[in-house]
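Student: What follows is a single structure, and I will ask about it in a moment.
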Amino acid sequence: MDRWKQYGGLLGLIIVCFGAGLWGFTSTGGALPWAKRSAQTLQRGVQESGGELIDVGRGIVVAGPIRKGGMMLEFTGLVVLLALVGVGLYVYVDRYHGFDEQESAAK
Amino acid sequence: MAHIHLGEGSFPLWALALWTGLGIALIITVVYHVRKEGIKTHQIALAGIGAAASFAIFQLNIPVWGGIHMNLTGLVGILAGPLLGALIALVVNIFSAALGHGAVGLLGANTLVNASEAIVAYYAFRTLVRMDWDVFPAGASAATLGLSAGAILMGAIIVVSGVNGSALPRADLTVAVAGLLGLNLGVAVIEGILTGFVVQFLVSVRPDLVGPVDRVGSEEHPGVTA
């Protein structure tokens with residue numbers, strides 16, 4: 001397929017979704033955090049909005065229930081564990097070409 | 001990034017039973033097909049990595065659009081396939097609910113939402129690749145479409161269920177949910193583009209890991225014959 005059609009299709013999708021996102025942002029409370037926005041919007045409807053689209057000052061923060069519940073250590077440990085298991089499996093599969101070959105050899 | 005963040009008791013009991021039942025039915029179907037069709041070894045590894053990445057990104061609030069989190073479910077669906085993608089959605093939601101991110105009672109609804117993202121992204125990607133699209137636009141579009149489907153399903157679940165304690169009549173609730181849905185669509189684009197880059201990178205270094213591309217490639221290049 002022509003490349004311009006592919007990227008044109010993607011661009012169309014981006015414009016539609018981004019427009020919907022901008023409308024959703026302003027109509028549901030502006031810069032409110034998601035959980036607060038969600039509760040406020042669903043309980044009392046659309047409120048006045050304001051705030052920045054991108055607020056770098058907030059930094060990247062871990063979800064409230066984990067952060068406020070003092071579970072940062074557990075969360076970090078769990079993420080590291082999952083990442084190690086994932087990488088370990090990846091390395092294992094990369095080195096071990098076993099199952100299919102073993103099965104065909106057995107047959 | 002669709003994910004229902006309402007607290008316990010937000011949905012009426014019948015809705016809770018309905019979405020939990022549908023979630024269980026989905027998982028039973030997926031497990032049946034996994035047992036019937038089997039899983040390749042590399043898919044298990046990808047599923048492990050996908051679950052870890054998805055869970056970690058789930059918990060990080062990025063300061064865009066008022067603070068959002070990504071899911072990577074589109075990427076997970078493209079890499080691990082629709083069956084493992086649905087199972088990963090369940091696992092990530094269980095872990096998240098255990099940490100207080102998302103209600104335990106909404107596990108069924110949230111699994112349906114996130115599994116639909118993975119499933120739609122996989123089939124959209126496979127269709128676009130078969131239509132001879134390049135990997136980046138196919139990956140980005142497929143992930144955006146998958147995430148949009150999940151957002152629409154999330155909105156539909158909330159509107160159909162109604163929210164306990166909400167002062168809004170159903171029509172106003174629909175308008176309010178449409179705003180949340182719109183916001184999700186905006187975020188879907190950002191996550192979709194990121195997914196496109198990741199898939200393109202993976203195809204350039206390990207095309208065998210990306211199922212639909214590998215399959216199309218092997219159909220086009222049947223190998224050297226003597």
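Note on naming: chains are A, B, ... as they come in the structure tokens, residues start from 1 per chain, ligands start from 1 in the order shown.
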Near stretch 63-66 of chain A, counting only C-alpha atoms, which residues have an atom at most 8 Å away, once you skip same-chain residues fewer than 3 positions from it, shown as a PyMOL selection string?
Tutor: (chain A and resi 69-72+75) or (chain B and resi 59-61+99-101)
Student: Restricting it to N, CA and C atoms, dump the selection as a PDB file, in the first residue's frame.
Tutor:
```pdb
ATOM      1  N   GLY A  69      -0.023   4.679  51.004  1.00  0.00           N
ATOM      2  CA  GLY A  69      -0.136   3.520  51.886  1.00  0.00           C
ATOM      3  C   GLY A  69       1.214   3.027  52.390  1.00  0.00           C
ATOM      4  N   GLY A  70       2.282   3.709  52.033  1.00  0.00           N
ATOM      5  CA  GLY A  70       3.618   3.317  52.488  1.00  0.00           C
ATOM      6  C   GLY A  70       4.070   1.999  51.889  1.00  0.00           C
ATOM      7  N   MET A  71       3.666   1.735  50.632  1.00  0.00           N
ATOM      8  CA  MET A  71       4.022   0.449  50.020  1.00  0.00           C
ATOM      9  C   MET A  71       5.034   0.615  48.893  1.00  0.00           C
ATOM     10  N   MET A  72       5.787   1.696  48.938  1.00  0.00           N
ATOM     11  CA  MET A  72       6.744   1.962  47.860  1.00  0.00           C
ATOM     12  C   MET A  72       7.801   0.862  47.770  1.00  0.00           C
ATOM     13  N   PHE A  75       6.285  -2.219  46.305  1.00  0.00           N
ATOM     14  CA  PHE A  75       6.028  -1.985  44.880  1.00  0.00           C
ATOM     15  C   PHE A  75       7.323  -2.104  44.079  1.00  0.00           C
TER      16      PHE A  75
ATOM     17  N   GLN B  59       1.262   1.764  37.234  1.00  0.00           N
ATOM     18  CA  GLN B  59       1.311   2.449  38.531  1.00  0.00           C
ATOM     19  C   GLN B  59       1.945   3.837  38.451  1.00  0.00           C
ATOM     20  N   LEU B  60       2.384   4.230  37.265  1.00  0.00           N
ATOM     21  CA  LEU B  60       3.065   5.522  37.153  1.00  0.00           C
ATOM     22  C   LEU B  60       2.142   6.581  36.556  1.00  0.00           C
ATOM     23  N   ASN B  61       1.932   7.650  37.315  1.00  0.00           N
ATOM     24  CA  ASN B  61       1.110   8.751  36.822  1.00  0.00           C
ATOM     25  C   ASN B  61       1.989   9.748  36.081  1.00  0.00           C
ATOM     26  N   LEU B  99      -2.846  -3.826  45.281  1.00  0.00           N
ATOM     27  CA  LEU B  99      -2.129  -2.654  45.789  1.00  0.00           C
ATOM     28  C   LEU B  99      -3.063  -1.454  45.984  1.00  0.00           C
ATOM     29  N   GLY B 100      -4.347  -1.644  45.740  1.00  0.00           N
ATOM     30  CA  GLY B 100      -5.304  -0.565  45.958  1.00  0.00           C
ATOM     31  C   GLY B 100      -5.554   0.302  44.744  1.00  0.00           C
ATOM     32  N   HIS B 101      -5.024  -0.103  43.600  1.00  0.00           N
ATOM     33  CA  HIS B 101      -5.229   0.660  42.367  1.00  0.00           C
ATOM     34  C   HIS B 101      -6.298  -0.049  41.538  1.00  0.00           C
TER      35      HIS B 101
END
```
Student: Chain A residues within 7 Å of chain B, counting only C-alpha atoms: which ones, as a PyMOL selection string?
Tutor: chain A and resi 1+6-7+10+14+17-18+20-25+27-28+30-35+39+41-46+53-56+58-63+65-66+79+82-83+86-87+89-90+93
Student: So the first atom is atom CA of B:Ile28 and the second is atom CA of A:Val85; what is the distance between them in Å, to one decimal place?
Tutor: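 These atoms are spaced 25.7 Å apart.
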